[in-house]
>>> print(open('work18.cif').read())   # mmCIF, C-alpha atoms
data_entry
#
loop_
_atom_site.label_atom_id
_atom_site.label_comp_id
_atom_site.auth_asym_id
_atom_site.auth_seq_id
_atom_site.Cartn_x
_atom_site.Cartn_y
_atom_site.Cartn_z
CA MET A 1 1.68 -0.51 8.38
CA VAL A 2 4.24 -3.09 7.32
CA ALA A 3 4.07 -5.17 10.53
CA ALA A 4 7.83 -4.87 10.53
CA GLN A 5 9.76 -7.42 12.61
CA PHE A 6 12.75 -5.59 14.06
CA PRO A 7 15.83 -7.48 15.28
CA GLY A 8 15.13 -9.20 18.59
CA GLN A 9 11.37 -9.22 18.05
CA GLY A 10 9.01 -12.04 17.19
CA PRO A 11 6.23 -11.90 14.60
CA GLY A 12 3.55 -11.72 17.30
CA GLU A 13 5.03 -8.49 18.62
CA ALA A 14 5.10 -6.97 15.13
CA LEU A 15 1.48 -7.95 14.43
CA HIS A 16 0.27 -6.70 17.81
CA ARG A 17 1.94 -3.35 17.10
CA ALA A 18 0.15 -3.18 13.73
CA VAL A 19 -3.27 -3.91 15.23
CA ARG A 20 -2.78 -1.47 18.08
CA THR A 21 -1.53 1.21 15.70
CA ALA A 22 -4.76 0.97 13.70
CA GLU A 23 -6.84 1.39 16.85
CA VAL A 24 -4.80 4.43 17.88
CA ALA A 25 -5.04 5.87 14.35
CA GLU A 26 -8.82 5.93 14.62
CA GLU A 27 -8.65 7.49 18.08
CA ALA A 28 -6.23 10.12 16.76
CA GLY A 29 -8.57 11.21 13.96
CA LEU A 30 -6.64 9.81 10.98
CA ASP A 31 -8.59 8.81 7.89
CA ALA A 32 -7.24 5.39 6.99
CA VAL A 33 -4.66 2.71 7.55
CA TRP A 34 -2.85 0.87 4.77
CA LEU A 35 -1.60 -2.70 5.17
CA ALA A 36 1.34 -4.28 3.39
CA GLU A 37 1.71 -8.01 2.77
CA HIS A 38 4.89 -10.05 2.46
CA HIS A 39 5.81 -13.72 2.45
CA PHE A 40 8.70 -15.59 4.06
CA VAL A 41 10.61 -12.47 5.20
CA PRO A 42 10.76 -10.52 8.48
CA TYR A 43 10.62 -7.24 6.54
CA GLY A 44 6.86 -7.55 7.07
CA VAL A 45 5.12 -10.47 8.75
CA CYS A 46 1.56 -9.94 7.49
CA PRO A 47 1.07 -12.56 4.73
CA SER A 48 -2.50 -11.50 3.90
CA ALA A 49 -3.43 -7.85 3.88
CA VAL A 50 -7.11 -8.62 3.27
CA THR A 51 -7.25 -10.92 6.30
CA LEU A 52 -5.71 -8.31 8.58
CA ALA A 53 -8.00 -5.71 6.99
CA ALA A 54 -11.02 -7.80 8.01
CA LEU A 55 -9.84 -7.85 11.63
CA LEU A 56 -9.20 -4.11 11.69
CA LEU A 57 -12.51 -3.26 10.05
CA GLY A 58 -14.16 -5.20 12.87
CA ARG A 59 -12.07 -3.42 15.51
CA THR A 60 -12.86 0.08 14.21
CA ARG A 61 -15.99 2.03 13.32
CA ARG A 62 -14.90 4.96 11.16
CA LEU A 63 -11.45 4.20 9.78
CA ARG A 64 -10.98 3.15 6.18
CA VAL A 65 -8.66 0.17 5.71
CA GLY A 66 -6.70 -0.39 2.52
CA THR A 67 -4.27 -2.99 1.23
CA ALA A 68 -0.90 -1.64 0.10
CA VAL A 69 -0.87 -3.93 -1.63
CA SER A 70 -2.52 -7.25 -2.36
CA VAL A 71 -0.13 -8.99 -4.76
CA LEU A 72 -2.17 -10.23 -7.72
CA PRO A 73 0.32 -12.76 -9.17
CA ASN A 74 0.08 -14.73 -5.90
CA SER A 75 -3.72 -15.10 -5.97
CA HIS A 76 -6.50 -15.71 -8.44
CA PRO A 77 -8.12 -12.34 -9.22
CA VAL A 78 -11.59 -13.78 -8.63
CA THR A 79 -10.54 -14.84 -5.13
CA VAL A 80 -9.27 -11.32 -4.46
CA GLY A 81 -12.48 -9.89 -5.91
CA GLU A 82 -14.68 -12.04 -3.69
CA GLN A 83 -12.69 -11.04 -0.60
CA ALA A 84 -12.90 -7.36 -1.55
CA ALA A 85 -16.64 -7.59 -2.14
CA LEU A 86 -17.15 -9.27 1.22
CA LEU A 87 -15.19 -6.59 3.10
CA HIS A 88 -16.83 -3.77 1.15
CA LEU A 89 -20.33 -5.01 1.96
CA THR A 90 -19.76 -5.88 5.60
CA SER A 91 -17.82 -2.72 6.50
CA GLY A 92 -20.18 -0.17 5.00
CA GLY A 93 -17.78 0.69 2.19
CA ARG A 94 -14.69 1.31 4.35
CA PHE A 95 -12.42 -1.12 2.49
CA VAL A 96 -9.95 0.01 -0.20
CA LEU A 97 -8.29 -2.57 -2.46
CA GLY A 98 -4.73 -1.68 -3.40
CA VAL A 99 -3.14 -4.11 -5.85
CA GLY A 100 0.28 -4.56 -7.39
CA ARG A 101 2.39 -7.07 -9.25
CA GLY A 102 4.92 -7.57 -6.46
CA GLY A 103 8.45 -8.66 -7.25
CA PRO A 104 10.31 -11.62 -8.79
CA TRP A 105 10.36 -13.42 -5.46
CA VAL A 106 10.15 -17.08 -4.52
CA ASP A 107 6.48 -16.44 -3.72
CA LEU A 108 5.83 -17.05 -7.42
CA GLU A 109 7.17 -20.59 -7.04
CA VAL A 110 5.40 -21.38 -3.78
CA PHE A 111 1.98 -20.11 -4.90
CA ARG A 112 2.52 -21.38 -8.47
CA GLY A 113 1.85 -18.06 -10.16
CA GLY A 114 5.09 -18.36 -12.07
CA LEU A 115 7.48 -15.71 -13.32
CA ASP A 116 5.26 -14.95 -16.31
CA ALA A 117 2.48 -13.83 -13.96
CA TYR A 118 4.86 -11.20 -12.59
CA GLU A 119 6.41 -10.14 -15.91
CA ASN A 120 3.39 -10.26 -18.22
CA GLY A 121 0.21 -11.33 -16.47
CA PHE A 122 -0.69 -8.32 -14.33
CA PRO A 123 -2.87 -6.44 -16.88
CA GLU A 124 -5.05 -9.50 -17.54
CA ALA A 125 -5.42 -10.18 -13.83
CA LEU A 126 -6.27 -6.55 -13.07
CA ASP A 127 -8.93 -6.39 -15.79
CA LEU A 128 -10.54 -9.62 -14.60
CA LEU A 129 -10.57 -8.32 -11.04
CA ARG A 130 -12.22 -5.06 -12.10
CA ARG A 131 -14.88 -6.94 -14.07
CA TRP A 132 -15.62 -9.03 -11.00
CA LEU A 133 -16.15 -5.90 -8.93
CA THR A 134 -18.50 -4.23 -11.43
CA GLU A 135 -20.45 -6.87 -13.37
CA ALA A 136 -23.23 -9.31 -12.42
CA ARG A 137 -21.79 -12.31 -14.26
CA VAL A 138 -18.20 -12.91 -15.34
CA GLY A 139 -16.42 -15.39 -17.59
CA ALA A 140 -12.91 -15.36 -18.97
CA SER A 141 -11.10 -16.50 -22.12
CA GLY A 142 -7.63 -15.01 -21.72
CA GLU A 143 -4.11 -16.38 -21.80
CA ARG A 144 -4.02 -17.14 -18.06
CA TYR A 145 -7.68 -17.28 -17.05
CA ASP A 146 -10.28 -19.29 -18.94
CA PHE A 147 -13.58 -20.28 -17.33
CA ARG A 148 -17.30 -20.36 -18.06
CA GLU A 149 -19.52 -17.47 -17.04
CA VAL A 150 -20.53 -17.53 -13.38
CA ALA A 151 -22.60 -15.30 -11.11
CA VAL A 152 -20.84 -12.71 -8.98
CA VAL A 153 -21.94 -13.44 -5.40
CA PRO A 154 -21.96 -11.27 -3.39
CA ARG A 155 -22.10 -8.28 -5.70
CA PRO A 156 -20.25 -5.32 -4.16
CA SER A 157 -22.61 -2.84 -5.82
CA GLU A 158 -25.53 -4.13 -3.74
CA ALA A 159 -24.45 -2.66 -0.41
CA LEU A 160 -27.43 -1.59 1.72
CA ASP A 161 -25.92 1.81 2.50
CA GLY A 162 -23.59 2.15 -0.47
CA ASP A 163 -23.47 4.33 -3.57
CA GLY A 164 -23.93 1.50 -6.06
CA LYS A 165 -20.21 1.21 -6.64
CA GLY A 166 -17.78 -1.41 -5.50
CA PRO A 167 -14.67 -0.83 -3.41
CA GLU A 168 -12.09 1.67 -4.57
CA VAL A 169 -9.24 0.01 -6.48
CA ILE A 170 -5.81 1.60 -6.46
CA VAL A 171 -2.67 0.42 -8.29
CA ALA A 172 0.90 0.47 -7.01
CA CYS A 173 3.02 2.18 -9.67
CA THR A 174 6.81 2.09 -9.81
CA SER A 175 7.49 2.63 -13.52
CA PRO A 176 6.09 4.56 -16.50
CA ALA A 177 4.55 1.32 -17.79
CA SER A 178 2.57 0.80 -14.59
CA VAL A 179 1.56 4.47 -14.53
CA ARG A 180 0.15 4.15 -18.04
CA LEU A 181 -1.59 0.88 -17.15
CA ALA A 182 -3.39 2.54 -14.21
CA ALA A 183 -4.22 5.68 -16.17
CA GLU A 184 -5.66 3.79 -19.13
CA ARG A 185 -8.16 2.28 -16.68
CA GLY A 186 -8.77 5.52 -14.76
CA LEU A 187 -7.42 4.00 -11.53
CA PRO A 188 -5.53 6.07 -8.94
CA MET A 189 -1.91 5.29 -8.12
CA LEU A 190 -0.06 4.36 -4.96
CA LEU A 191 3.45 5.81 -5.28
CA GLY A 192 6.38 4.41 -3.29
CA MET A 193 8.26 5.95 -0.41
CA HIS A 194 11.59 5.81 -2.27
CA CYS A 195 10.43 8.54 -4.69
CA GLY A 196 10.92 12.25 -4.18
CA ASP A 197 8.47 15.02 -5.05
CA GLU A 198 9.89 15.66 -8.52
CA GLU A 199 9.61 12.03 -9.57
CA LYS A 200 6.09 11.75 -8.16
CA ALA A 201 5.06 14.95 -9.93
CA ASP A 202 6.34 13.50 -13.21
CA MET A 203 4.36 10.30 -12.64
CA VAL A 204 1.20 12.25 -11.88
CA ALA A 205 1.70 14.31 -15.05
CA LEU A 206 2.15 11.14 -17.13
CA TRP A 207 -0.96 9.67 -15.52
CA ARG A 208 -2.98 12.77 -16.40
CA ARG A 209 -1.88 12.76 -20.05
CA THR A 210 -2.56 9.06 -20.45
CA ALA A 211 -5.92 9.17 -18.67
CA ARG A 212 -7.09 12.09 -20.79
CA ALA A 213 -6.07 10.28 -23.98
CA ALA A 214 -8.01 7.20 -22.80
CA GLY A 215 -11.15 9.24 -22.20
CA HIS A 216 -10.94 9.39 -18.41
CA PRO A 217 -11.00 12.49 -16.19
CA PRO A 218 -7.41 13.75 -15.77
CA GLU A 219 -7.66 13.88 -11.96
CA ALA A 220 -7.62 11.09 -9.40
CA ASP A 221 -7.09 10.72 -5.66
CA HIS A 222 -3.58 9.26 -5.73
CA VAL A 223 -1.72 8.14 -2.61
CA SER A 224 1.87 8.98 -1.71
CA ALA A 225 3.68 6.53 0.57
CA GLY A 226 6.26 7.87 2.99
CA VAL A 227 7.69 7.80 6.49
CA CYS A 228 6.67 9.98 9.42
CA GLN A 229 8.53 10.36 12.69
CA LEU A 230 7.81 13.24 15.05
CA ALA A 231 9.87 14.73 17.85
CA ASP A 232 10.38 18.05 19.57
CA ARG A 233 13.55 18.50 17.52
CA THR A 234 14.03 17.44 13.89
CA ALA A 235 17.43 15.99 14.73
CA GLY A 236 15.80 13.82 17.39
CA ALA A 237 13.26 12.40 14.97
CA ARG A 238 15.94 11.52 12.46
CA GLU A 239 18.11 9.98 15.15
CA THR A 240 15.27 7.67 16.18
CA LEU A 241 14.94 6.28 12.67
CA VAL A 242 18.67 6.07 11.92
CA LYS A 243 19.14 4.03 15.10
CA ALA A 244 16.28 1.60 14.48
CA MET A 245 15.46 1.25 10.79
CA PRO A 246 18.77 0.04 9.31
CA GLY A 247 18.71 -3.12 11.43
CA TRP A 248 15.17 -3.89 10.28
CA LEU A 249 15.98 -3.09 6.64
CA ARG A 250 19.16 -5.17 6.64
CA GLN A 251 17.46 -8.19 8.20
CA GLY A 252 14.28 -7.88 6.15
CA LEU A 253 15.64 -7.08 2.71
CA ASP A 254 18.44 -9.64 2.92
CA ALA A 255 15.82 -12.35 3.39
CA HIS A 256 14.23 -11.82 -0.04
CA VAL A 257 14.97 -14.67 -2.48
CA THR A 258 14.39 -14.32 -6.22
CA VAL A 259 12.45 -17.06 -7.98
CA ASP A 260 14.95 -17.43 -10.82
CA GLY A 261 18.23 -16.73 -9.03
CA ARG A 262 18.68 -13.31 -10.62
CA ARG A 263 21.07 -10.97 -8.87
CA ARG A 264 19.52 -7.94 -7.24
CA ALA A 265 21.03 -4.71 -6.00
CA MET A 266 20.51 -4.11 -2.29
CA ARG A 267 20.23 -0.60 -0.92
CA ASP A 268 22.61 0.35 1.86
CA PRO A 269 20.29 0.35 4.93
CA VAL A 270 21.80 3.42 6.58
CA ALA A 271 21.89 5.45 3.36
CA TYR A 272 18.32 4.42 2.54
CA THR A 273 17.10 5.44 6.00
CA GLU A 274 18.81 8.81 5.63
CA LEU A 275 17.20 9.23 2.20
CA LEU A 276 13.75 8.53 3.66
CA CYS A 277 14.38 11.06 6.42
CA ALA A 278 15.27 13.66 3.80
CA LEU A 279 12.25 12.97 1.59
CA HIS A 280 9.45 12.73 4.15
CA PRO A 281 7.88 14.37 7.24
CA VAL A 282 10.56 13.41 9.76
CA GLY A 283 11.03 16.18 12.33
CA THR A 284 8.96 18.54 14.44
CA PRO A 285 5.18 18.66 13.90
CA LYS A 286 5.52 22.03 12.15
CA PHE A 287 8.25 20.67 9.89
CA ALA A 288 6.15 17.60 9.11
CA ALA A 289 3.08 19.65 8.24
CA ASP A 290 5.13 21.97 6.04
CA ARG A 291 6.72 18.98 4.32
CA LEU A 292 3.38 17.34 3.58
CA ALA A 293 1.92 20.62 2.33
CA ALA A 294 4.92 21.17 0.05
CA THR A 295 4.66 17.66 -1.40
CA SER A 296 0.96 18.16 -2.01
CA GLU A 297 1.57 21.48 -3.75
CA ARG A 298 4.32 20.05 -5.95
CA THR A 299 2.56 16.83 -6.90
CA GLY A 300 -1.16 17.46 -6.53
CA ILE A 301 -1.42 14.48 -4.19
CA THR A 302 -3.53 14.93 -1.05
CA ARG A 303 -3.55 11.40 0.41
CA PHE A 304 -0.53 10.11 2.31
CA ALA A 305 0.19 6.60 3.60
CA LEU A 306 2.85 7.19 6.23
CA LEU A 307 4.91 4.51 7.94
CA THR A 308 4.91 5.43 11.63
CA GLU A 309 6.46 2.26 13.11
CA GLY A 310 10.05 3.15 12.20
CA SER A 311 11.14 3.19 15.83
CA GLY A 312 10.23 -0.47 16.17
CA ASP A 313 8.69 0.25 19.56
CA LEU A 314 4.96 0.01 20.33
CA ALA A 315 4.78 2.86 22.85
CA ALA A 316 6.83 5.15 20.61
CA THR A 317 4.66 4.25 17.61
CA GLU A 318 1.48 5.02 19.54
CA GLU A 319 2.89 8.40 20.59
CA ASN A 320 3.97 9.09 17.01
CA VAL A 321 0.46 8.43 15.68
CA ARG A 322 -1.22 10.48 18.40
CA ARG A 323 1.07 13.44 17.71
CA LEU A 324 0.37 13.11 14.00
CA GLY A 325 -3.34 13.49 14.71
CA ALA A 326 -3.08 16.16 17.39
CA GLU A 327 -0.18 18.33 16.19
CA VAL A 328 0.17 17.83 12.42
CA LEU A 329 -3.35 17.46 11.04
CA PRO A 330 -4.60 20.76 12.53
CA ARG A 331 -1.75 22.58 10.79
CA LEU A 332 -2.94 21.16 7.47
CA GLY A 333 -6.48 22.38 7.90
#
>>> encode(input="work18.cif", output="C-alpha cells")
Amino acid sequence: MVAAQFPGQGPGEALHRAVRTAEVAEEAGLDAVWLAEHHFVPYGVCPSAVTLAALLLGRTRRLRVGTAVSVLPNSHPVTVGEQAALLHLTSGGRFVLGVGRGGPWVDLEVFRGGLDAYENGFPEALDLLRRWLTEARVGASGERYDFREVAVVPRPSEALDGDGKGPEVIVACTSPASVRLAAERGLPMLLGMHCGDEEKADMVALWRRTARAAGHPPEADHVSAGVCQLADRTAGARETLVKAMPGWLRQGLDAHVTVDGRRRAMRDPVAYTELLCALHPVGTPKFAADRLAATSERTGITRFALLTEGSGDLAATEENVRRLGAEVLPRLG
C-alpha cells in the first residue's frame, strides 16, 4: 500500500483508502499488508510507515504489517530499532521491519542524513539496527555512529508470547551490491515491481551463493513486489490500470527532487503501466493465480506484496482485495 494520491484527490482520501484496504485485507484472508513511505511527493503520502503500521496493528487482530520500506538514511537506526521493538512487543510479533537506503532525494537534506548516508552509510546503519534488535546493550564506534554503550529498552526478544527473537528484518534490493549485502547477513530480500521473473530469479540465485559462502542457510522467505488488478476479462483489468495509473505516476514521479541536482531518467508513465500489467497478476482470477504460481516456480519466491490500489478508487480497491482473497488464493492452495 503506497497511499497513492491520484490526480484530483487529497492526501486524506489516499490515507483513508490505505487504512480501509488493510481492514479489508484481513477480512479477505490475506496474510499481510506492506506499507511504503515517501516524503514531499504525492506518489505516496504516508511519511512514516512505522506510524501507520502502529495504527493498522491496532485495527487488526491477525494480519501481519510490514514496512516496505523504512528508509534508514532518513532516521537514526536506534530510533528505528526502538520503534520496531515497540511494535513487535505490543502486537504479538505481527510487525515486519523492511528497510532500504531510499534514493538521492531532497529528504537527505531535510532530515540531515546527507548524500553520504545514501551512497555509503547503509551497511553501517543496517548492522547497528540489527545489533539493537538482538543484543541487551549496544554501543557504537563507527564512521557515522559513535556513542557509549546503553541498555536496549524494551528488548524485542522479551515478548511474553514470542519465540525469543525480534521482528523479522527484510532488505529492499535493487542491485547486485544490495543483494550481496542482504545475503552476507542472512536477511531476506524485498524485490521491486519493475523486475521480471528472470531478473528476480538471478537475484535469488546470487543471494543463495553469497549466503552459503557467508555461512548462512541458502534459503530465505523473500518477497516479490508487484501489481494485482482483477476483472472478469483480462483486457478489462489492464484497461482499469492504463486509465488510472499513468496520471498518478506522472504527477507523483515528477515531484521527486534530487538532493544534489543530478539529472534522472523518468519512465514514460503509460509504458511503465503497460510493463507492470505484463509482468504481474493483472487479469482474471485464474490468470492471476497462474501468473503468481509461475513466478513462484521460476524464482522460488512464495511471498508477494501486491499493489491493489491501482484504480485509485476506494470501492474498486476493496472489491479487488476481496476477489484476491476469495477467487485467487483458493486456486493457489
>>> resolve_selection(input="work18.cif", expression="the PyMOL selection byres ((chain A and resi 190) around 12)", output="NGL selection string")
:A and (34 or 66-69 or 96-100 or 169-175 or 178-179 or 182 or 187-189 or 191-193 or 195 or 200 or 203-204 or 207 or 220-226 or 301-306)
>>> residues_around(input="work18.cif", residues="Tyr118 of chain A", least_positions_apart="6", cutoff="7 Å", atoms="all atoms listed in the file", output="PDB file with C-alpha atoms, in the coordinates of the input")
ATOM      1  CA  PRO A  73       0.320 -12.760  -9.170  1.00  0.00           C
ATOM      2  CA  ARG A 101       2.390  -7.070  -9.250  1.00  0.00           C
ATOM      3  CA  GLY A 103       8.450  -8.660  -7.250  1.00  0.00           C
ATOM      4  CA  PRO A 104      10.310 -11.620  -8.790  1.00  0.00           C
TER       5      PRO A 104
END
>>> residues_around(input="work18.cif", residues="Asp127 of chain A", least_positions_apart="3", cutoff="12 Å", atoms="only C-alpha atoms", output="ChimeraX atom specification")
/A:72,77-78,81,99,121-124,130-135,138-140,142,145,169,171,181-182,184-187
>>> atom_distance(input="work18.cif", atom1="atom CA of Arg59 of chain A", atom2="atom CA of Tyr43 of chain A")
24.7 Å
>>> resolve_selection(input="work18.cif", expression="the PyMOL selection byres ((chain A and resi 243) around 12)", output="NGL selection string")
:A and (6-7 or 236-242 or 244-249 or 269-270 or 273-274 or 310-313)
>>> closest_residue(input="work18.cif", among="A:His194, A:Arg209, A:Arg331, A:Arg20", to="Lys286 of chain A", atoms="only C-alpha atoms")
A:Arg331
>>> resolve_selection(input="work18.cif", expression="the PyMOL selection byres ((chain A and resi 44) around 9)", output="number ranges by chain")
A: 1-5, 11, 14, 36-43, 45-47, 252
>>> residues_around(input="work18.cif", residues="Ser91 of chain A", least_positions_apart="3", cutoff="12 Å", atoms="only C-alpha atoms", output="list in words")
Ala53, Ala54, Leu55, Leu56, Leu57, Gly58, Arg59, Thr60, Arg61, Arg62, Leu63, Arg64, Val65, Ala84, Ala85, Leu86, Leu87, His88, Arg94, Phe95, Val96, Pro156, Ala159, Leu160, Asp161, Gly162 and Pro167 of chain A
>>> axis_aligned_box(input="work18.cif", around="segment 210-215 of chain A", padding_each_side="4 Å", output="AutoDock Vina command-line options")
--center_x -6.9 --center_y 9.6 --center_z -21.3 --size_x 16.6 --size_y 12.9 --size_z 13.3
